[in-house]
>>> print(open('protein.txt').read())   # compact mmCIF, C-alpha atoms
# COMPACT_ATOMS: atom_id res chain seq x y z
CA MET A 880 0.00 0.00 0.00
CA PRO A 881 1.43 3.43 -0.95
CA MET A 882 2.78 5.47 1.92
CA ASN A 883 0.57 8.42 0.96
CA THR A 884 -2.44 6.49 2.25
CA TYR A 885 -0.90 6.80 5.72
CA LEU A 886 0.65 10.24 5.34
CA LEU A 887 -2.11 12.26 3.64
CA PRO A 888 -4.54 12.19 6.61
CA ILE A 889 -1.70 13.50 8.79
CA VAL A 890 -0.88 16.16 6.18
CA ALA A 891 -4.55 17.21 6.26
CA ILE A 892 -4.33 17.85 10.01
CA ALA A 893 -1.17 19.91 9.51
CA ILE A 894 -2.85 22.00 6.78
CA GLY A 895 -5.89 22.53 9.01
CA VAL A 896 -3.66 23.73 11.86
CA ILE A 897 -1.91 26.17 9.51
CA ILE A 898 -5.26 27.52 8.30
CA ALA A 899 -6.40 28.04 11.91
CA ILE A 900 -3.17 29.91 12.71
CA VAL A 901 -3.33 32.10 9.59
CA THR A 902 -7.02 32.97 9.98
CA LYS A 903 -6.56 33.48 13.75
CA GLY A 904 -9.74 31.60 14.58
CA ARG A 905 -12.07 33.47 12.22
CA LYS A 906 -14.75 31.46 10.46
CA SER A 907 -14.10 32.22 6.79
CA ILE A 908 -16.37 31.61 3.80
CA GLY A 909 -13.51 29.68 2.23
CA THR A 910 -13.50 27.16 5.07
CA LYS A 911 -17.26 26.70 4.79
CA LEU A 912 -17.06 26.21 1.03
CA LEU A 913 -14.23 23.70 1.45
CA LEU A 914 -16.40 21.89 3.97
CA SER A 915 -19.26 21.74 1.43
CA PHE A 916 -16.89 20.47 -1.27
CA SER A 917 -15.49 17.83 1.07
CA GLY A 918 -18.98 16.67 2.08
CA ALA A 919 -20.07 16.23 -1.54
CA PHE A 920 -16.77 14.59 -2.52
CA LEU A 921 -16.89 12.15 0.40
CA LEU A 922 -20.56 11.28 -0.20
CA ALA A 923 -19.95 10.69 -3.91
CA LEU A 924 -16.95 8.43 -3.25
CA ALA A 925 -18.99 6.42 -0.76
CA LEU A 926 -21.82 5.97 -3.26
CA PHE A 927 -19.63 5.35 -6.31
CA ASP A 928 -17.01 3.04 -4.75
CA LEU A 929 -17.93 1.70 -1.32
CA LEU A 930 -21.66 1.10 -1.63
CA PRO A 931 -21.60 -1.16 -4.73
CA GLU A 932 -18.83 -3.26 -3.20
CA VAL A 933 -20.47 -3.91 0.16
CA TYR A 934 -23.77 -4.76 -1.54
CA HIS A 935 -21.83 -7.20 -3.74
CA HIS A 936 -20.18 -8.99 -0.81
CA LEU A 937 -22.89 -8.82 1.84
CA ASP A 938 -26.55 -9.77 1.95
CA PRO A 939 -28.58 -6.67 0.90
CA LYS A 940 -30.65 -6.66 4.10
CA GLN A 941 -27.51 -7.01 6.21
CA THR A 942 -25.87 -4.21 4.26
CA GLY A 943 -28.78 -1.88 4.91
CA LEU A 944 -28.75 -2.83 8.58
CA PHE A 945 -25.03 -2.09 8.97
CA ILE A 946 -25.39 1.23 7.13
CA MET A 947 -28.17 2.20 9.53
CA CYS A 948 -25.92 1.16 12.43
CA GLY A 949 -23.29 3.54 11.05
CA ILE A 950 -25.80 6.38 10.91
CA LEU A 951 -26.91 5.69 14.49
CA LEU A 952 -23.29 5.40 15.65
CA GLN A 953 -22.50 8.80 14.14
CA ILE A 954 -25.53 10.32 15.85
CA VAL A 955 -24.24 8.98 19.17
CA LEU A 956 -20.72 10.24 18.48
CA GLU A 957 -22.07 13.68 17.56
CA PHE A 958 -23.96 13.80 20.84
CA PHE A 959 -20.56 13.88 22.52
CA SER A 960 -18.52 15.73 19.87
CA LYS A 961 -21.19 18.44 19.36
CA GLY A 962 -21.00 18.01 15.58
CA VAL A 963 -17.39 19.02 14.98
CA GLU A 964 -17.25 16.38 12.21
CA HIS A 965 -19.48 18.52 10.02
CA GLY A 966 -18.29 21.95 10.99
CA HIS A 967 -19.92 22.90 14.30
CA ALA A 968 -17.07 24.35 16.33
CA ASP A 969 -19.13 26.38 18.82
CA ILE A 970 -18.55 23.89 21.62
CA PRO A 971 -19.33 25.13 25.11
CA GLN A 972 -16.28 25.65 27.28
CA GLU A 973 -15.79 23.45 30.31
CA GLY A 974 -13.26 25.47 32.29
CA GLU A 975 -9.79 24.02 32.10
CA ARG A 976 -10.85 20.38 32.07
CA PHE A 977 -9.58 18.44 29.09
CA PRO A 978 -12.54 17.45 26.83
CA TRP A 979 -12.03 13.69 27.06
CA ILE A 980 -15.49 12.77 25.75
CA LEU A 981 -15.04 15.03 22.72
CA PHE A 982 -11.54 13.65 22.19
CA ILE A 983 -12.62 9.99 22.37
CA SER A 984 -15.63 10.45 20.08
CA LEU A 985 -13.52 12.23 17.45
CA CYS A 986 -10.84 9.53 17.67
CA ILE A 987 -13.42 6.76 17.14
CA HIS A 988 -14.78 8.59 14.12
CA SER A 989 -11.29 9.20 12.72
CA PHE A 990 -10.20 5.60 13.38
CA LEU A 991 -13.14 4.11 11.46
CA GLU A 992 -12.50 6.46 8.52
CA GLY A 993 -9.21 4.68 7.91
CA PHE A 994 -10.69 1.24 7.17
CA PRO A 995 -12.08 1.86 3.64
CA ILE A 996 -8.68 3.14 2.49
CA HIS A 997 -7.44 -0.48 2.68
CA GLN A 998 -9.05 -1.38 -0.67
CA HIS A 999 -9.97 2.06 -2.01
CA ASN A 1000 -6.93 4.29 -2.30
CA ASP A 1001 -9.12 7.06 -3.77
CA MET A 1002 -10.89 7.31 -0.40
CA VAL A 1003 -7.75 8.80 1.10
CA TYR A 1004 -8.32 11.94 -0.98
CA GLY A 1005 -11.87 12.20 0.33
CA ILE A 1006 -10.59 11.84 3.87
CA LEU A 1007 -7.84 14.38 3.14
CA ILE A 1008 -10.27 17.04 1.92
CA HIS A 1009 -12.73 16.25 4.72
CA LYS A 1010 -10.12 16.55 7.46
CA ILE A 1011 -8.64 19.92 6.44
CA PRO A 1012 -11.63 22.14 7.41
CA ILE A 1013 -12.45 19.91 10.39
CA ALA A 1014 -8.86 20.14 11.66
CA ALA A 1015 -8.98 23.93 11.23
CA LEU A 1016 -12.19 24.16 13.27
CA ILE A 1017 -10.91 21.83 16.00
CA THR A 1018 -7.63 23.74 16.22
CA THR A 1019 -9.51 27.03 16.46
CA PHE A 1020 -11.57 25.65 19.34
CA LEU A 1021 -8.45 24.39 21.11
CA PHE A 1022 -6.62 27.70 20.66
CA GLN A 1023 -9.58 29.58 22.13
CA SER A 1024 -9.72 27.27 25.14
CA ARG A 1025 -7.57 27.38 28.26
CA TYR A 1026 -5.85 24.09 27.58
CA SER A 1027 -2.07 23.94 27.75
CA LYS A 1028 0.11 23.70 24.65
CA VAL A 1029 1.02 20.14 25.60
CA GLN A 1030 -2.66 19.16 25.76
CA ILE A 1031 -3.40 20.84 22.43
CA ILE A 1032 -0.45 19.23 20.65
CA GLY A 1033 -1.26 15.85 22.20
CA PHE A 1034 -4.91 16.16 21.09
CA LEU A 1035 -3.93 16.94 17.50
CA VAL A 1036 -1.18 14.31 17.28
CA VAL A 1037 -3.36 11.46 18.55
CA PHE A 1038 -6.35 12.61 16.49
CA GLY A 1039 -4.14 12.79 13.38
CA ALA A 1040 -2.79 9.27 13.98
CA MET A 1041 -6.20 7.60 14.27
CA THR A 1042 -7.01 7.37 10.55
CA PRO A 1043 -3.61 5.89 9.57
CA LEU A 1044 -3.99 3.48 12.50
CA GLY A 1045 -7.37 2.33 11.16
CA THR A 1046 -5.85 1.82 7.71
CA PHE A 1047 -2.90 -0.10 9.17
CA ILE A 1048 -5.14 -2.43 11.20
CA SER A 1049 -7.46 -3.10 8.26
CA ASN A 1050 -4.44 -3.85 6.08
CA ASN A 1051 -2.47 -6.04 8.48
CA THR A 1052 -4.86 -8.01 10.70
CA VAL A 1053 -6.82 -11.10 9.72
CA LEU A 1054 -9.79 -10.23 11.94
CA ALA A 1055 -10.18 -6.82 10.33
CA ALA A 1056 -9.89 -8.32 6.83
CA GLU A 1057 -12.63 -10.87 7.56
CA HIS A 1058 -15.04 -8.17 8.68
CA LEU A 1059 -13.89 -5.37 6.39
CA ASP A 1060 -17.12 -5.24 4.39
CA VAL A 1061 -19.16 -4.93 7.59
CA VAL A 1062 -16.95 -2.09 8.83
CA ASN A 1063 -17.13 -0.41 5.40
CA ALA A 1064 -20.93 -0.56 5.51
CA ILE A 1065 -20.87 1.09 8.94
CA VAL A 1066 -18.48 3.74 7.62
CA ILE A 1067 -20.83 4.38 4.68
CA GLY A 1068 -23.54 5.17 7.22
CA ILE A 1069 -21.18 7.55 9.01
CA PHE A 1070 -20.27 9.28 5.75
CA LEU A 1071 -23.91 9.52 4.69
CA HIS A 1072 -24.89 11.22 7.92
CA ILE A 1073 -21.95 13.65 7.95
CA ALA A 1074 -22.16 14.54 4.26
CA THR A 1075 -25.92 15.05 4.16
CA THR A 1076 -25.77 17.19 7.30
CA ILE A 1077 -23.15 19.39 5.64
CA LEU A 1078 -25.03 19.58 2.34
CA PHE A 1079 -28.47 20.32 3.75
CA GLU A 1080 -27.43 22.99 6.22
CA THR A 1081 -28.63 26.41 5.10
CA GLY A 1082 -26.10 29.09 4.20
CA GLU A 1083 -26.03 32.80 4.90
CA GLY A 1084 -27.73 34.35 1.87
CA HIS A 1085 -28.35 33.36 -1.73
CA LYS A 1086 -24.83 34.23 -2.86
CA PHE A 1087 -23.31 31.75 -0.41
CA ASN A 1088 -25.88 29.12 -1.37
CA LEU A 1089 -24.96 29.52 -5.06
CA SER A 1090 -21.26 29.19 -4.26
CA LYS A 1091 -22.04 26.16 -2.12
CA LEU A 1092 -24.01 24.58 -4.98
CA VAL A 1093 -21.06 25.08 -7.32
CA MET A 1094 -18.68 23.47 -4.83
CA VAL A 1095 -21.05 20.53 -4.29
CA CYS A 1096 -21.35 19.91 -8.04
CA LEU A 1097 -17.57 20.20 -8.38
CA GLY A 1098 -16.99 17.69 -5.59
CA ILE A 1099 -19.38 15.16 -7.11
CA SER A 1100 -17.89 15.59 -10.59
CA ILE A 1101 -14.30 15.10 -9.44
CA ALA A 1102 -15.26 12.04 -7.37
CA HIS A 1103 -16.91 10.53 -10.46
CA LEU A 1104 -13.83 11.11 -12.61
CA ILE A 1105 -11.19 9.59 -10.34
>>> encode(input="protein.txt", output="structure tokens")
Amino acid sequence: MPMNTYLLPIVAIAIGVIIAIVTKGRKSIGTKLLLSFSGAFLLALALFDLLPEVYHHLDPKQTGLFIMCGILLQIVLEFFSKGVEHGHADIPQEGERFPWILFISLCIHSFLEGFPIHQHNDMVYGILIHKIPIAALITTFLFQSRYSKVQIIGFLVVFGAMTPLGTFISNNTVLAAEHLDVVNAIVIGIFLHIATTILFETGEGHKFNLSKLVMVCLGISIAHLI
């Protein structure tokens, strides 16, 4: 497996951190448009590549069940992460306590994202584009908090390592390989929930909505071509 499948998710976190530093925590239209593009791109890849494969290898009823489990799992994770996965960074502060529940839920989400990359190298580009705006929003939240630099760096390093870890486990363990289609179906449910939440959220004004529509169409088109 090419090394970029392990490195690109980490690069995405680094780019997101740089964006957060350059923008100094401001929510820019560019970040929102990139989020819309990433949602459409990720959804299209899931539908074009992952969905046909899991339906081919699993019983259709089982596939639908596992996809629904993925949707429900993402709803549970978002209950704890407050929706950071699709761009909601206005997380209430909790003093100086480290946000362990937020951290764990984001790590579970990031870990599962790495499994489809095992057989679908194109998925790494969807994950890359998805992680950049999310990493920028998470970094902005961390910078605005009262957490120490060690806590912030530790948060970002572990979070960045989760997707490559999921890819490594799916690629190198027999147990993961035997249940890869099941995990992929669950991940499809996660992607469906995240992407549709991003795409159906209303924008600020018609001009933004038109720009968002263009980015969505662009994301779908590029995903279809690769």
>>> residues_around(input="protein.txt", residues="Ile1101 (chain A)", least_positions_apart="4", cutoff="8 Å", atoms="only C-alpha atoms", output="PyMOL selection string")
chain A and resi 920+1097+1105
>>> write_last_selection(input="protein.txt", atoms="C-alpha atoms", output="short mmCIF file (atom, residue, chain, number, x, y, z; two decimals), keeping the file's coordinate frame")
data_model
loop_
_atom_site.label_atom_id
_atom_site.label_comp_id
_atom_site.auth_asym_id
_atom_site.auth_seq_id
_atom_site.Cartn_x
_atom_site.Cartn_y
_atom_site.Cartn_z
CA PHE A 920 -16.77 14.59 -2.52
CA LEU A 1097 -17.57 20.20 -8.38
CA ILE A 1105 -11.19 9.59 -10.34
#
>>> residues_around(input="protein.txt", residues="region 926-928 of chain A", least_positions_apart="2", cutoff="9 Å", atoms="all atoms listed in the file", output="list in words")
Leu921, Leu922, Ala923, Leu924, Leu930, Pro931, Glu932, His999, Asp1001, Met1002, Ile1067, Leu1071, Ala1102 and His1103 of chain A
>>> closest_residue(input="protein.txt", among="A:Phe994, A:Phe982, A:Phe945, A:Phe1070", to="Phe1047 (chain A)", atoms="all atoms listed in the file")
A:Phe994
>>> atom_distance(input="protein.txt", atom1="CA of Val1036 (chain A)", atom2="CA of Phe1022 (chain A)")
14.8 Å
>>> axis_aligned_box(input="protein.txt", around="region 1090-1101 of chain A", padding_each_side="4 Å", output="lines of an AutoDock Vina configuration file")
center_x = -19.2
center_y = 22.1
center_z = -6.4
size_x = 17.7
size_y = 22.1
size_z = 16.5
>>> closest_residue(input="protein.txt", among="A:Val955, A:Met1041, A:Ile897, A:Leu887", to="Ile1006 (chain A)", atoms="only C-alpha atoms")
A:Leu887
>>> build_atoms(input="protein.txt", residues="region 931-967 of chain A", atoms="N, CA and C atoms", output="PDB file, keeping the file's coordinate frame")
ATOM      1  N   PRO A 931     -21.451   0.013  -3.851  1.00  0.00           N
ATOM      2  CA  PRO A 931     -21.600  -1.160  -4.730  1.00  0.00           C
ATOM      3  C   PRO A 931     -20.826  -2.376  -4.228  1.00  0.00           C
ATOM      4  N   GLU A 932     -19.645  -2.136  -3.646  1.00  0.00           N
ATOM      5  CA  GLU A 932     -18.830  -3.260  -3.200  1.00  0.00           C
ATOM      6  C   GLU A 932     -19.445  -3.979  -2.003  1.00  0.00           C
ATOM      7  N   VAL A 933     -19.911  -3.240  -1.013  1.00  0.00           N
ATOM      8  CA  VAL A 933     -20.470  -3.910   0.160  1.00  0.00           C
ATOM      9  C   VAL A 933     -21.774  -4.624  -0.190  1.00  0.00           C
ATOM     10  N   TYR A 934     -22.553  -4.060  -1.106  1.00  0.00           N
ATOM     11  CA  TYR A 934     -23.770  -4.760  -1.540  1.00  0.00           C
ATOM     12  C   TYR A 934     -23.425  -6.019  -2.327  1.00  0.00           C
ATOM     13  N   HIS A 935     -22.267  -6.017  -2.979  1.00  0.00           N
ATOM     14  CA  HIS A 935     -21.830  -7.200  -3.740  1.00  0.00           C
ATOM     15  C   HIS A 935     -21.383  -8.321  -2.816  1.00  0.00           C
ATOM     16  N   HIS A 936     -20.758  -7.984  -1.698  1.00  0.00           N
ATOM     17  CA  HIS A 936     -20.180  -8.990  -0.810  1.00  0.00           C
ATOM     18  C   HIS A 936     -21.083  -9.375   0.359  1.00  0.00           C
ATOM     19  N   LEU A 937     -22.023  -8.532   0.702  1.00  0.00           N
ATOM     20  CA  LEU A 937     -22.890  -8.820   1.840  1.00  0.00           C
ATOM     21  C   LEU A 937     -24.328  -9.002   1.373  1.00  0.00           C
ATOM     22  N   ASP A 938     -25.120  -9.665   2.206  1.00  0.00           N
ATOM     23  CA  ASP A 938     -26.550  -9.770   1.950  1.00  0.00           C
ATOM     24  C   ASP A 938     -27.154  -8.360   1.964  1.00  0.00           C
ATOM     25  N   PRO A 939     -28.029  -8.041   0.980  1.00  0.00           N
ATOM     26  CA  PRO A 939     -28.580  -6.670   0.900  1.00  0.00           C
ATOM     27  C   PRO A 939     -29.243  -6.192   2.191  1.00  0.00           C
ATOM     28  N   LYS A 940     -29.995  -7.071   2.856  1.00  0.00           N
ATOM     29  CA  LYS A 940     -30.650  -6.660   4.100  1.00  0.00           C
ATOM     30  C   LYS A 940     -29.611  -6.390   5.188  1.00  0.00           C
ATOM     31  N   GLN A 941     -28.570  -7.234   5.240  1.00  0.00           N
ATOM     32  CA  GLN A 941     -27.510  -7.010   6.210  1.00  0.00           C
ATOM     33  C   GLN A 941     -26.778  -5.701   5.926  1.00  0.00           C
ATOM     34  N   THR A 942     -26.552  -5.443   4.637  1.00  0.00           N
ATOM     35  CA  THR A 942     -25.870  -4.210   4.260  1.00  0.00           C
ATOM     36  C   THR A 942     -26.651  -2.990   4.728  1.00  0.00           C
ATOM     37  N   GLY A 943     -27.945  -2.988   4.463  1.00  0.00           N
ATOM     38  CA  GLY A 943     -28.780  -1.880   4.910  1.00  0.00           C
ATOM     39  C   GLY A 943     -28.769  -1.725   6.414  1.00  0.00           C
ATOM     40  N   LEU A 944     -28.771  -2.861   7.120  1.00  0.00           N
ATOM     41  CA  LEU A 944     -28.750  -2.830   8.580  1.00  0.00           C
ATOM     42  C   LEU A 944     -27.457  -2.204   9.097  1.00  0.00           C
ATOM     43  N   PHE A 945     -26.320  -2.617   8.517  1.00  0.00           N
ATOM     44  CA  PHE A 945     -25.030  -2.090   8.970  1.00  0.00           C
ATOM     45  C   PHE A 945     -24.889  -0.599   8.625  1.00  0.00           C
ATOM     46  N   ILE A 946     -25.424  -0.186   7.488  1.00  0.00           N
ATOM     47  CA  ILE A 946     -25.390   1.230   7.130  1.00  0.00           C
ATOM     48  C   ILE A 946     -26.198   2.044   8.140  1.00  0.00           C
ATOM     49  N   MET A 947     -27.363   1.518   8.513  1.00  0.00           N
ATOM     50  CA  MET A 947     -28.170   2.200   9.530  1.00  0.00           C
ATOM     51  C   MET A 947     -27.446   2.233  10.871  1.00  0.00           C
ATOM     52  N   CYS A 948     -26.705   1.168  11.189  1.00  0.00           N
ATOM     53  CA  CYS A 948     -25.920   1.160  12.430  1.00  0.00           C
ATOM     54  C   CYS A 948     -24.856   2.256  12.386  1.00  0.00           C
ATOM     55  N   GLY A 949     -24.268   2.469  11.200  1.00  0.00           N
ATOM     56  CA  GLY A 949     -23.290   3.540  11.050  1.00  0.00           C
ATOM     57  C   GLY A 949     -23.900   4.907  11.264  1.00  0.00           C
ATOM     58  N   ILE A 950     -25.103   5.109  10.719  1.00  0.00           N
ATOM     59  CA  ILE A 950     -25.800   6.380  10.910  1.00  0.00           C
ATOM     60  C   ILE A 950     -26.097   6.607  12.390  1.00  0.00           C
ATOM     61  N   LEU A 951     -26.598   5.573  13.057  1.00  0.00           N
ATOM     62  CA  LEU A 951     -26.910   5.690  14.490  1.00  0.00           C
ATOM     63  C   LEU A 951     -25.645   5.915  15.312  1.00  0.00           C
ATOM     64  N   LEU A 952     -24.565   5.213  14.939  1.00  0.00           N
ATOM     65  CA  LEU A 952     -23.290   5.400  15.650  1.00  0.00           C
ATOM     66  C   LEU A 952     -22.814   6.835  15.525  1.00  0.00           C
ATOM     67  N   GLN A 953     -22.931   7.412  14.331  1.00  0.00           N
ATOM     68  CA  GLN A 953     -22.500   8.800  14.140  1.00  0.00           C
ATOM     69  C   GLN A 953     -23.364   9.760  14.931  1.00  0.00           C
ATOM     70  N   ILE A 954     -24.650   9.477  15.040  1.00  0.00           N
ATOM     71  CA  ILE A 954     -25.530  10.320  15.850  1.00  0.00           C
ATOM     72  C   ILE A 954     -25.080  10.298  17.313  1.00  0.00           C
ATOM     73  N   VAL A 955     -24.723   9.099  17.796  1.00  0.00           N
ATOM     74  CA  VAL A 955     -24.240   8.980  19.170  1.00  0.00           C
ATOM     75  C   VAL A 955     -22.924   9.727  19.350  1.00  0.00           C
ATOM     76  N   LEU A 956     -22.005   9.558  18.390  1.00  0.00           N
ATOM     77  CA  LEU A 956     -20.720  10.240  18.480  1.00  0.00           C
ATOM     78  C   LEU A 956     -20.899  11.755  18.459  1.00  0.00           C
ATOM     79  N   GLU A 957     -21.833  12.236  17.633  1.00  0.00           N
ATOM     80  CA  GLU A 957     -22.070  13.680  17.560  1.00  0.00           C
ATOM     81  C   GLU A 957     -22.707  14.231  18.825  1.00  0.00           C
ATOM     82  N   PHE A 958     -23.404  13.373  19.560  1.00  0.00           N
ATOM     83  CA  PHE A 958     -23.960  13.800  20.840  1.00  0.00           C
ATOM     84  C   PHE A 958     -22.843  14.238  21.780  1.00  0.00           C
ATOM     85  N   PHE A 959     -21.698  13.559  21.659  1.00  0.00           N
ATOM     86  CA  PHE A 959     -20.560  13.880  22.520  1.00  0.00           C
ATOM     87  C   PHE A 959     -19.594  14.879  21.883  1.00  0.00           C
ATOM     88  N   SER A 960     -19.474  14.834  20.545  1.00  0.00           N
ATOM     89  CA  SER A 960     -18.520  15.730  19.870  1.00  0.00           C
ATOM     90  C   SER A 960     -19.144  17.063  19.493  1.00  0.00           C
ATOM     91  N   LYS A 961     -20.468  17.202  19.680  1.00  0.00           N
ATOM     92  CA  LYS A 961     -21.190  18.440  19.360  1.00  0.00           C
ATOM     93  C   LYS A 961     -21.160  18.789  17.876  1.00  0.00           C
ATOM     94  N   GLY A 962     -20.919  17.785  17.017  1.00  0.00           N
ATOM     95  CA  GLY A 962     -21.000  18.010  15.580  1.00  0.00           C
ATOM     96  C   GLY A 962     -19.771  18.619  14.941  1.00  0.00           C
ATOM     97  N   VAL A 963     -18.612  18.483  15.581  1.00  0.00           N
ATOM     98  CA  VAL A 963     -17.390  19.020  14.980  1.00  0.00           C
ATOM     99  C   VAL A 963     -17.108  18.365  13.634  1.00  0.00           C
ATOM    100  N   GLU A 964     -17.523  17.108  13.444  1.00  0.00           N
ATOM    101  CA  GLU A 964     -17.250  16.380  12.210  1.00  0.00           C
ATOM    102  C   GLU A 964     -17.860  17.032  10.987  1.00  0.00           C
ATOM    103  N   HIS A 965     -18.898  17.832  11.175  1.00  0.00           N
ATOM    104  CA  HIS A 965     -19.480  18.520  10.020  1.00  0.00           C
ATOM    105  C   HIS A 965     -19.495  20.030  10.210  1.00  0.00           C
ATOM    106  N   GLY A 966     -18.540  20.528  11.000  1.00  0.00           N
ATOM    107  CA  GLY A 966     -18.290  21.950  10.990  1.00  0.00           C
ATOM    108  C   GLY A 966     -18.834  22.771  12.135  1.00  0.00           C
ATOM    109  N   HIS A 967     -19.408  22.140  13.159  1.00  0.00           N
ATOM    110  CA  HIS A 967     -19.920  22.900  14.300  1.00  0.00           C
ATOM    111  C   HIS A 967     -18.816  23.009  15.347  1.00  0.00           C
TER     112      HIS A 967
END
